[in-house]
file my_file15.cif (mmCIF, N, CA and C atoms)
data_target
#
loop_
_atom_site.label_atom_id
_atom_site.label_comp_id
_atom_site.auth_asym_id
_atom_site.auth_seq_id
_atom_site.Cartn_x
_atom_site.Cartn_y
_atom_site.Cartn_z
N MET A 1 126.63 125.78 82.25
CA MET A 1 126.08 124.49 81.93
C MET A 1 125.93 124.41 80.41
N SER A 2 126.39 123.34 79.84
CA SER A 2 126.37 123.20 78.39
C SER A 2 124.95 122.94 77.89
N MET A 3 124.76 123.22 76.61
CA MET A 3 123.47 122.98 75.97
C MET A 3 123.13 121.50 76.01
N ARG A 4 124.13 120.68 75.82
CA ARG A 4 123.93 119.22 75.82
C ARG A 4 123.42 118.75 77.18
N LEU A 5 124.03 119.25 78.23
CA LEU A 5 123.63 118.86 79.58
C LEU A 5 122.22 119.36 79.88
N ARG A 6 121.90 120.58 79.48
CA ARG A 6 120.56 121.12 79.71
C ARG A 6 119.50 120.28 78.99
N PHE A 7 119.80 119.87 77.76
CA PHE A 7 118.84 119.06 77.01
C PHE A 7 118.65 117.70 77.69
N ALA A 8 119.73 117.09 78.12
CA ALA A 8 119.64 115.78 78.79
C ALA A 8 118.86 115.90 80.10
N LEU A 9 119.10 116.98 80.85
CA LEU A 9 118.35 117.19 82.09
C LEU A 9 116.88 117.45 81.81
N ALA A 10 116.58 118.17 80.73
CA ALA A 10 115.18 118.40 80.37
C ALA A 10 114.48 117.09 80.02
N CYS A 11 115.15 116.23 79.27
CA CYS A 11 114.56 114.92 78.93
C CYS A 11 114.31 114.11 80.19
N ALA A 12 115.29 114.06 81.08
CA ALA A 12 115.15 113.31 82.32
C ALA A 12 114.04 113.90 83.19
N GLY A 13 113.96 115.22 83.26
CA GLY A 13 112.93 115.88 84.06
C GLY A 13 111.53 115.60 83.55
N VAL A 14 111.35 115.68 82.25
CA VAL A 14 110.03 115.40 81.66
C VAL A 14 109.65 113.96 81.93
N PHE A 15 110.57 113.02 81.73
CA PHE A 15 110.27 111.61 81.98
C PHE A 15 109.92 111.40 83.45
N PHE A 16 110.68 112.02 84.35
CA PHE A 16 110.44 111.85 85.79
C PHE A 16 109.05 112.34 86.18
N VAL A 17 108.66 113.50 85.68
CA VAL A 17 107.35 114.06 86.02
C VAL A 17 106.22 113.19 85.46
N VAL A 18 106.33 112.82 84.19
CA VAL A 18 105.27 112.03 83.56
C VAL A 18 105.15 110.65 84.20
N SER A 19 106.28 109.97 84.38
CA SER A 19 106.21 108.62 84.96
C SER A 19 105.84 108.67 86.44
N GLY A 20 106.27 109.69 87.15
CA GLY A 20 105.87 109.84 88.55
C GLY A 20 104.37 110.07 88.69
N THR A 21 103.82 110.88 87.80
CA THR A 21 102.37 111.11 87.79
C THR A 21 101.62 109.82 87.48
N ALA A 22 102.12 109.05 86.51
CA ALA A 22 101.48 107.78 86.18
C ALA A 22 101.55 106.81 87.36
N LEU A 23 102.69 106.77 88.04
CA LEU A 23 102.84 105.88 89.20
C LEU A 23 101.87 106.26 90.31
N VAL A 24 101.75 107.54 90.59
CA VAL A 24 100.84 107.99 91.64
C VAL A 24 99.40 107.64 91.27
N SER A 25 99.04 107.82 90.01
CA SER A 25 97.68 107.48 89.55
C SER A 25 97.41 105.99 89.72
N VAL A 26 98.34 105.16 89.30
CA VAL A 26 98.17 103.71 89.44
C VAL A 26 98.09 103.32 90.91
N TYR A 27 98.90 103.95 91.75
CA TYR A 27 98.88 103.67 93.18
C TYR A 27 97.49 103.92 93.77
N PHE A 28 96.90 105.08 93.44
CA PHE A 28 95.58 105.40 93.99
C PHE A 28 94.48 104.49 93.43
N VAL A 29 94.59 104.08 92.18
CA VAL A 29 93.60 103.14 91.62
C VAL A 29 93.70 101.79 92.32
N VAL A 30 94.92 101.30 92.53
CA VAL A 30 95.09 100.00 93.21
C VAL A 30 94.63 100.11 94.66
N ARG A 31 94.96 101.21 95.32
CA ARG A 31 94.53 101.39 96.71
C ARG A 31 93.01 101.42 96.82
N ALA A 32 92.36 102.09 95.87
CA ALA A 32 90.89 102.12 95.88
C ALA A 32 90.31 100.74 95.62
N SER A 33 90.97 99.96 94.77
CA SER A 33 90.49 98.61 94.48
C SER A 33 90.61 97.68 95.67
N LEU A 34 91.57 97.96 96.55
CA LEU A 34 91.80 97.09 97.70
C LEU A 34 91.09 97.57 98.98
N GLN A 35 90.25 98.58 98.87
CA GLN A 35 89.57 99.11 100.05
C GLN A 35 88.58 98.11 100.63
N TYR A 36 88.19 98.34 101.85
CA TYR A 36 87.21 97.53 102.57
C TYR A 36 85.89 97.51 101.79
N ARG A 37 85.33 96.33 101.63
CA ARG A 37 84.03 96.16 100.99
C ARG A 37 83.10 95.48 102.00
N ALA A 38 82.08 96.18 102.40
CA ALA A 38 81.16 95.64 103.41
C ALA A 38 80.51 94.36 102.94
N SER A 39 80.21 94.25 101.66
CA SER A 39 79.56 93.05 101.15
C SER A 39 80.45 91.82 101.27
N VAL A 40 81.77 92.03 101.25
CA VAL A 40 82.70 90.91 101.36
C VAL A 40 82.99 90.58 102.82
N PHE A 41 83.19 91.61 103.65
CA PHE A 41 83.63 91.37 105.03
C PHE A 41 82.51 91.37 106.05
N THR A 42 81.28 91.66 105.65
CA THR A 42 80.17 91.64 106.59
C THR A 42 78.95 90.98 105.95
N PRO A 43 79.06 89.70 105.59
CA PRO A 43 77.87 89.01 105.05
C PRO A 43 76.90 88.68 106.20
N ASN A 44 75.71 88.25 105.85
CA ASN A 44 74.72 87.90 106.88
C ASN A 44 75.11 86.63 107.63
N SER A 45 75.77 85.71 106.95
CA SER A 45 76.24 84.50 107.62
C SER A 45 77.48 83.98 106.90
N ILE A 46 78.24 83.16 107.62
CA ILE A 46 79.43 82.55 107.05
C ILE A 46 79.19 81.04 107.02
N VAL A 47 79.34 80.42 105.86
CA VAL A 47 79.15 78.99 105.70
C VAL A 47 80.42 78.41 105.10
N LEU A 48 80.99 77.40 105.78
CA LEU A 48 82.24 76.78 105.32
C LEU A 48 82.07 75.27 105.25
N PRO A 49 82.69 74.64 104.25
CA PRO A 49 82.65 73.17 104.22
C PRO A 49 83.58 72.61 105.30
N ASP A 50 83.17 71.51 105.90
CA ASP A 50 83.96 70.88 106.96
C ASP A 50 83.95 69.37 106.73
N ASP A 51 85.09 68.70 106.92
CA ASP A 51 85.20 67.25 106.69
C ASP A 51 84.37 66.46 107.70
N ARG A 52 84.31 66.90 108.93
CA ARG A 52 83.62 66.14 109.97
C ARG A 52 82.11 66.38 109.99
N TYR A 53 81.70 67.62 109.83
CA TYR A 53 80.29 67.96 110.02
C TYR A 53 79.57 68.30 108.71
N GLY A 54 80.25 68.29 107.62
CA GLY A 54 79.64 68.65 106.33
C GLY A 54 79.74 70.15 106.08
N TRP A 55 79.03 70.94 106.85
CA TRP A 55 79.08 72.39 106.70
C TRP A 55 79.07 73.04 108.08
N LEU A 56 79.87 74.10 108.22
CA LEU A 56 79.84 74.90 109.44
C LEU A 56 79.20 76.24 109.08
N SER A 57 78.34 76.73 109.95
CA SER A 57 77.63 77.97 109.66
C SER A 57 77.61 78.82 110.92
N SER A 58 77.72 80.12 110.72
CA SER A 58 77.64 81.05 111.84
C SER A 58 76.93 82.32 111.37
N GLU A 59 75.97 82.75 112.16
CA GLU A 59 75.21 83.97 111.83
C GLU A 59 75.96 85.20 112.33
N ARG A 60 75.56 86.33 111.81
CA ARG A 60 76.18 87.60 112.17
C ARG A 60 76.03 87.86 113.67
N PHE A 61 77.07 88.44 114.26
CA PHE A 61 77.17 88.83 115.67
C PHE A 61 77.38 87.64 116.62
N HIS A 62 77.53 86.44 116.10
CA HIS A 62 77.88 85.31 116.96
C HIS A 62 79.40 85.23 117.08
N GLU A 63 79.86 84.49 118.07
CA GLU A 63 81.31 84.45 118.37
C GLU A 63 82.13 83.92 117.20
N GLY A 64 81.74 82.84 116.57
CA GLY A 64 82.48 82.27 115.45
C GLY A 64 82.51 83.21 114.25
N TYR A 65 81.39 83.86 114.04
CA TYR A 65 81.30 84.83 112.93
C TYR A 65 82.28 85.97 113.13
N GLU A 66 82.27 86.56 114.31
CA GLU A 66 83.14 87.70 114.60
C GLU A 66 84.61 87.30 114.57
N LEU A 67 84.92 86.10 115.02
CA LEU A 67 86.29 85.61 114.97
C LEU A 67 86.76 85.48 113.52
N ALA A 68 85.92 84.89 112.68
CA ALA A 68 86.27 84.73 111.26
C ALA A 68 86.38 86.09 110.57
N ARG A 69 85.48 87.00 110.91
CA ARG A 69 85.49 88.34 110.30
C ARG A 69 86.76 89.10 110.69
N LYS A 70 87.14 89.06 111.96
CA LYS A 70 88.36 89.75 112.40
C LYS A 70 89.60 89.16 111.73
N PHE A 71 89.62 87.85 111.59
CA PHE A 71 90.75 87.21 110.91
C PHE A 71 90.80 87.64 109.44
N ALA A 72 89.66 87.67 108.78
CA ALA A 72 89.61 88.09 107.38
C ALA A 72 90.05 89.54 107.22
N LEU A 73 89.65 90.41 108.13
CA LEU A 73 90.08 91.81 108.07
C LEU A 73 91.58 91.94 108.30
N LYS A 74 92.13 91.13 109.21
CA LYS A 74 93.57 91.18 109.46
C LYS A 74 94.35 90.71 108.23
N VAL A 75 93.90 89.62 107.61
CA VAL A 75 94.54 89.12 106.40
C VAL A 75 94.45 90.16 105.28
N HIS A 76 93.29 90.77 105.14
CA HIS A 76 93.10 91.80 104.11
C HIS A 76 94.04 92.98 104.33
N GLY A 77 94.16 93.43 105.58
CA GLY A 77 95.06 94.55 105.88
C GLY A 77 96.51 94.23 105.56
N THR A 78 96.93 93.02 105.91
CA THR A 78 98.30 92.60 105.62
C THR A 78 98.53 92.52 104.12
N TYR A 79 97.58 91.95 103.41
CA TYR A 79 97.67 91.85 101.94
C TYR A 79 97.72 93.23 101.30
N GLN A 80 96.86 94.13 101.76
CA GLN A 80 96.82 95.49 101.21
C GLN A 80 98.15 96.21 101.44
N ASP A 81 98.69 96.12 102.64
CA ASP A 81 99.98 96.76 102.94
C ASP A 81 101.09 96.19 102.07
N SER A 82 101.08 94.88 101.88
CA SER A 82 102.11 94.23 101.07
C SER A 82 102.03 94.66 99.60
N VAL A 83 100.83 94.64 99.05
CA VAL A 83 100.66 95.01 97.64
C VAL A 83 101.05 96.47 97.42
N LEU A 84 100.57 97.36 98.27
CA LEU A 84 100.88 98.78 98.09
C LEU A 84 102.37 99.07 98.32
N GLY A 85 102.98 98.37 99.26
CA GLY A 85 104.42 98.54 99.48
C GLY A 85 105.23 98.07 98.29
N ASN A 86 104.86 96.92 97.74
CA ASN A 86 105.56 96.42 96.55
C ASN A 86 105.37 97.36 95.37
N LEU A 87 104.16 97.89 95.21
CA LEU A 87 103.90 98.84 94.12
C LEU A 87 104.74 100.10 94.28
N ARG A 88 104.82 100.63 95.50
CA ARG A 88 105.63 101.82 95.75
C ARG A 88 107.10 101.57 95.45
N ASN A 89 107.63 100.46 95.97
CA ASN A 89 109.06 100.18 95.81
C ASN A 89 109.42 99.89 94.36
N ALA A 90 108.68 99.00 93.71
CA ALA A 90 108.97 98.67 92.31
C ALA A 90 108.74 99.87 91.42
N GLY A 91 107.69 100.63 91.70
CA GLY A 91 107.41 101.82 90.89
C GLY A 91 108.50 102.87 91.03
N ALA A 92 108.96 103.10 92.25
CA ALA A 92 110.01 104.08 92.47
C ALA A 92 111.30 103.68 91.75
N LEU A 93 111.66 102.40 91.85
CA LEU A 93 112.87 101.94 91.15
C LEU A 93 112.72 102.07 89.63
N THR A 94 111.53 101.76 89.13
CA THR A 94 111.28 101.88 87.69
C THR A 94 111.36 103.32 87.24
N VAL A 95 110.77 104.24 88.01
CA VAL A 95 110.82 105.66 87.65
C VAL A 95 112.26 106.17 87.68
N LEU A 96 113.03 105.80 88.69
CA LEU A 96 114.42 106.26 88.77
C LEU A 96 115.27 105.67 87.65
N GLY A 97 115.08 104.38 87.37
CA GLY A 97 115.83 103.75 86.28
C GLY A 97 115.47 104.37 84.94
N GLY A 98 114.19 104.59 84.71
CA GLY A 98 113.74 105.21 83.47
C GLY A 98 114.25 106.63 83.33
N THR A 99 114.32 107.35 84.45
CA THR A 99 114.86 108.72 84.41
C THR A 99 116.33 108.71 84.02
N GLY A 100 117.08 107.75 84.54
CA GLY A 100 118.49 107.62 84.14
C GLY A 100 118.64 107.29 82.66
N ILE A 101 117.80 106.39 82.18
CA ILE A 101 117.83 106.05 80.75
C ILE A 101 117.44 107.26 79.90
N ALA A 102 116.42 108.02 80.34
CA ALA A 102 116.01 109.22 79.60
C ALA A 102 117.13 110.25 79.57
N PHE A 103 117.89 110.37 80.66
CA PHE A 103 119.03 111.29 80.67
C PHE A 103 120.07 110.84 79.65
N GLY A 104 120.37 109.54 79.63
CA GLY A 104 121.35 109.02 78.68
C GLY A 104 120.92 109.20 77.24
N VAL A 105 119.65 108.94 76.95
CA VAL A 105 119.14 109.13 75.58
C VAL A 105 119.16 110.60 75.21
N GLY A 106 118.79 111.47 76.15
CA GLY A 106 118.85 112.91 75.89
C GLY A 106 120.26 113.40 75.64
N TRP A 107 121.21 112.87 76.41
CA TRP A 107 122.62 113.24 76.24
C TRP A 107 123.11 112.83 74.85
N ARG A 108 122.79 111.61 74.48
CA ARG A 108 123.23 111.08 73.17
C ARG A 108 122.56 111.84 72.03
N THR A 109 121.27 112.08 72.13
CA THR A 109 120.55 112.81 71.09
C THR A 109 121.06 114.23 70.95
N ALA A 110 121.29 114.89 72.06
CA ALA A 110 121.81 116.26 72.01
C ALA A 110 123.18 116.28 71.36
N GLY A 111 124.00 115.28 71.63
CA GLY A 111 125.32 115.21 71.00
C GLY A 111 125.20 115.11 69.48
N MET A 112 124.26 114.28 69.01
CA MET A 112 124.09 114.13 67.56
C MET A 112 123.50 115.38 66.93
N VAL A 113 122.55 116.01 67.62
CA VAL A 113 121.89 117.19 67.07
C VAL A 113 122.85 118.38 67.03
N LEU A 114 123.76 118.47 67.97
CA LEU A 114 124.65 119.62 68.06
C LEU A 114 125.91 119.51 67.21
N ILE A 115 126.12 118.39 66.50
CA ILE A 115 127.31 118.23 65.66
C ILE A 115 127.41 119.33 64.60
N PRO A 116 126.34 119.65 63.84
CA PRO A 116 126.45 120.73 62.85
C PRO A 116 126.79 122.08 63.48
N LEU A 117 126.23 122.37 64.64
CA LEU A 117 126.53 123.62 65.31
C LEU A 117 127.99 123.66 65.76
N ARG A 118 128.51 122.54 66.21
CA ARG A 118 129.91 122.44 66.60
C ARG A 118 130.81 122.67 65.39
N ASN A 119 130.44 122.12 64.23
CA ASN A 119 131.22 122.33 63.00
C ASN A 119 131.24 123.80 62.61
N VAL A 120 130.10 124.47 62.70
CA VAL A 120 130.03 125.91 62.37
C VAL A 120 130.91 126.69 63.34
N THR A 121 130.84 126.38 64.61
CA THR A 121 131.64 127.08 65.62
C THR A 121 133.13 126.87 65.38
N ASP A 122 133.53 125.63 65.08
CA ASP A 122 134.95 125.34 64.82
C ASP A 122 135.44 126.08 63.59
N THR A 123 134.63 126.12 62.54
CA THR A 123 135.03 126.83 61.32
C THR A 123 135.16 128.32 61.58
N ALA A 124 134.21 128.91 62.30
CA ALA A 124 134.26 130.34 62.62
C ALA A 124 135.49 130.65 63.48
N ARG A 125 135.80 129.80 64.42
CA ARG A 125 136.98 130.00 65.26
C ARG A 125 138.26 129.94 64.43
N ARG A 126 138.32 128.98 63.50
CA ARG A 126 139.48 128.83 62.63
C ARG A 126 139.65 130.08 61.75
N ILE A 127 138.55 130.61 61.22
CA ILE A 127 138.61 131.80 60.37
C ILE A 127 139.15 132.98 61.15
N VAL A 128 138.68 133.15 62.38
CA VAL A 128 139.12 134.28 63.21
C VAL A 128 140.59 134.12 63.58
N GLN A 129 141.04 132.94 63.93
CA GLN A 129 142.42 132.75 64.36
C GLN A 129 143.40 132.89 63.20
N ASN A 130 143.03 132.44 62.00
CA ASN A 130 143.93 132.49 60.84
C ASN A 130 143.79 133.79 60.04
N HIS A 131 142.82 134.59 60.35
CA HIS A 131 142.55 135.82 59.61
C HIS A 131 142.39 135.53 58.13
N ASP A 132 141.81 134.37 57.81
CA ASP A 132 141.61 133.96 56.43
C ASP A 132 140.13 134.13 56.10
N LEU A 133 139.81 135.29 55.54
CA LEU A 133 138.41 135.59 55.25
C LEU A 133 137.93 134.93 53.96
N SER A 134 138.80 134.19 53.28
CA SER A 134 138.38 133.49 52.06
C SER A 134 137.67 132.18 52.38
N GLU A 135 137.89 131.67 53.57
CA GLU A 135 137.22 130.41 53.95
C GLU A 135 135.76 130.71 54.30
N ARG A 136 134.89 129.85 53.90
CA ARG A 136 133.46 130.03 54.13
C ARG A 136 132.92 128.89 55.01
N ILE A 137 131.83 129.21 55.68
CA ILE A 137 131.14 128.20 56.49
C ILE A 137 130.16 127.49 55.57
N GLY A 138 130.28 126.17 55.49
CA GLY A 138 129.42 125.39 54.59
C GLY A 138 128.00 125.28 55.13
N TYR A 139 127.10 124.97 54.21
CA TYR A 139 125.70 124.79 54.61
C TYR A 139 125.61 123.52 55.37
#
call {"tool": "encode", "arguments": {"input": "my_file15.cif", "output": "structure tokens"}}
result
Amino acid sequence: MSMRLRFALACAGVFFVVSGTALVSVYFVVRASLQYRASVFTPNSIVLPDDRYGWLSSERFHEGYELARKFALKVHGTYQDSVLGNLRNAGALTVLGGTGIAFGVGWRTAGMVLIPLRNVTDTARRIVQNHDLSERIGY
């Protein structure tokens, strides 16, 4: 495996690990933010405006209250699954795309950094093949 390839793989590997760790951290923070909150889903009563009656009200443990609470929990679960799924999918694509870009940048950078070493190697090879010990390797 060439030095250039090793350097590019190292760049891609470092980017993958760092960005993957960041994605996992963000995922857990968002998941914690979307967790069940008793104060939101279990209030003492539910009061809603209504066009016909002005206000509708239901106390805890009554049929209307429990129906509204179950519906709210179902909506919350669906929303949570959707948000976390989108975060996982978009994050994974971003990490993979960034890893590919990091590999390309590492490959290009290694090529530029290794040009002087390639020149020294070519000059040394030429000296050995021509048996011309008067030629020197430049700084």
call {"tool": "atom_distance", "arguments": {"input": "my_file15.cif", "atom1": "atom C of Gly104 in chain A", "atom2": "atom N of Asn119 in chain A"}}
result
20.7 Å
call {"tool": "closest_residue", "arguments": {"input": "my_file15.cif", "among": "A:Ala38, A:Ile115, A:Ala110, A:Val128", "to": "Arg4 in chain A", "atoms": "only C-alpha atoms"}}
result
A:Ala110
call {"tool": "residues_around", "arguments": {"input": "my_file15.cif", "residues": "range 100-102 of chain A", "least_positions_apart": "4", "cutoff": "8 Å", "atoms": "all atoms listed in the file", "output": "MDAnalysis selection string"}}
result
chainID A and resid 7:13 15:16 94:96 106:108
call {"tool": "select_by_dssp", "arguments": {"input": "my_file15.cif", "residues": "chain A", "states": "alpha helix (DSSP H)", "output": "VMD selection string"}}
result
chain A and resid 3 to 33 38 to 41 63 to 113 115 to 130
call {"tool": "atom_distance", "arguments": {"input": "my_file15.cif", "atom1": "CA of Leu67 in chain A", "atom2": "atom C of Ser33 in chain A"}}
result
23.2 Å
call {"tool": "select_by_dssp", "arguments": {"input": "my_file15.cif", "residues": "range 48-135 of chain A", "states": "strand (DSSP E or B)", "output": "list in words"}}
result
Leu48, Pro49, Asp50, Gly54, Trp55, Leu56, Ser57, Ser58 and Glu59 of chain A
call {"tool": "atom_distance", "arguments": {"input": "my_file15.cif", "atom1": "CA of Tyr27 in chain A", "atom2": "CA of Leu87 in chain A"}}
result
7.0 Å
call {"tool": "residues_around", "arguments": {"input": "my_file15.cif", "residues": "range 68-73 of chain A", "least_positions_apart": "6", "cutoff": "10 Å", "atoms": "only C-alpha atoms", "output": "MDAnalysis selection string"}}
result
chainID A and resid 36 40:43 46 58 60:61 79
call {"tool": "closest_residue", "arguments": {"input": "my_file15.cif", "among": "A:His62, A:Arg88, A:His131, A:Arg126", "to": "Leu23 in chain A", "atoms": "only N, CA and C atoms"}}
result
A:Arg88
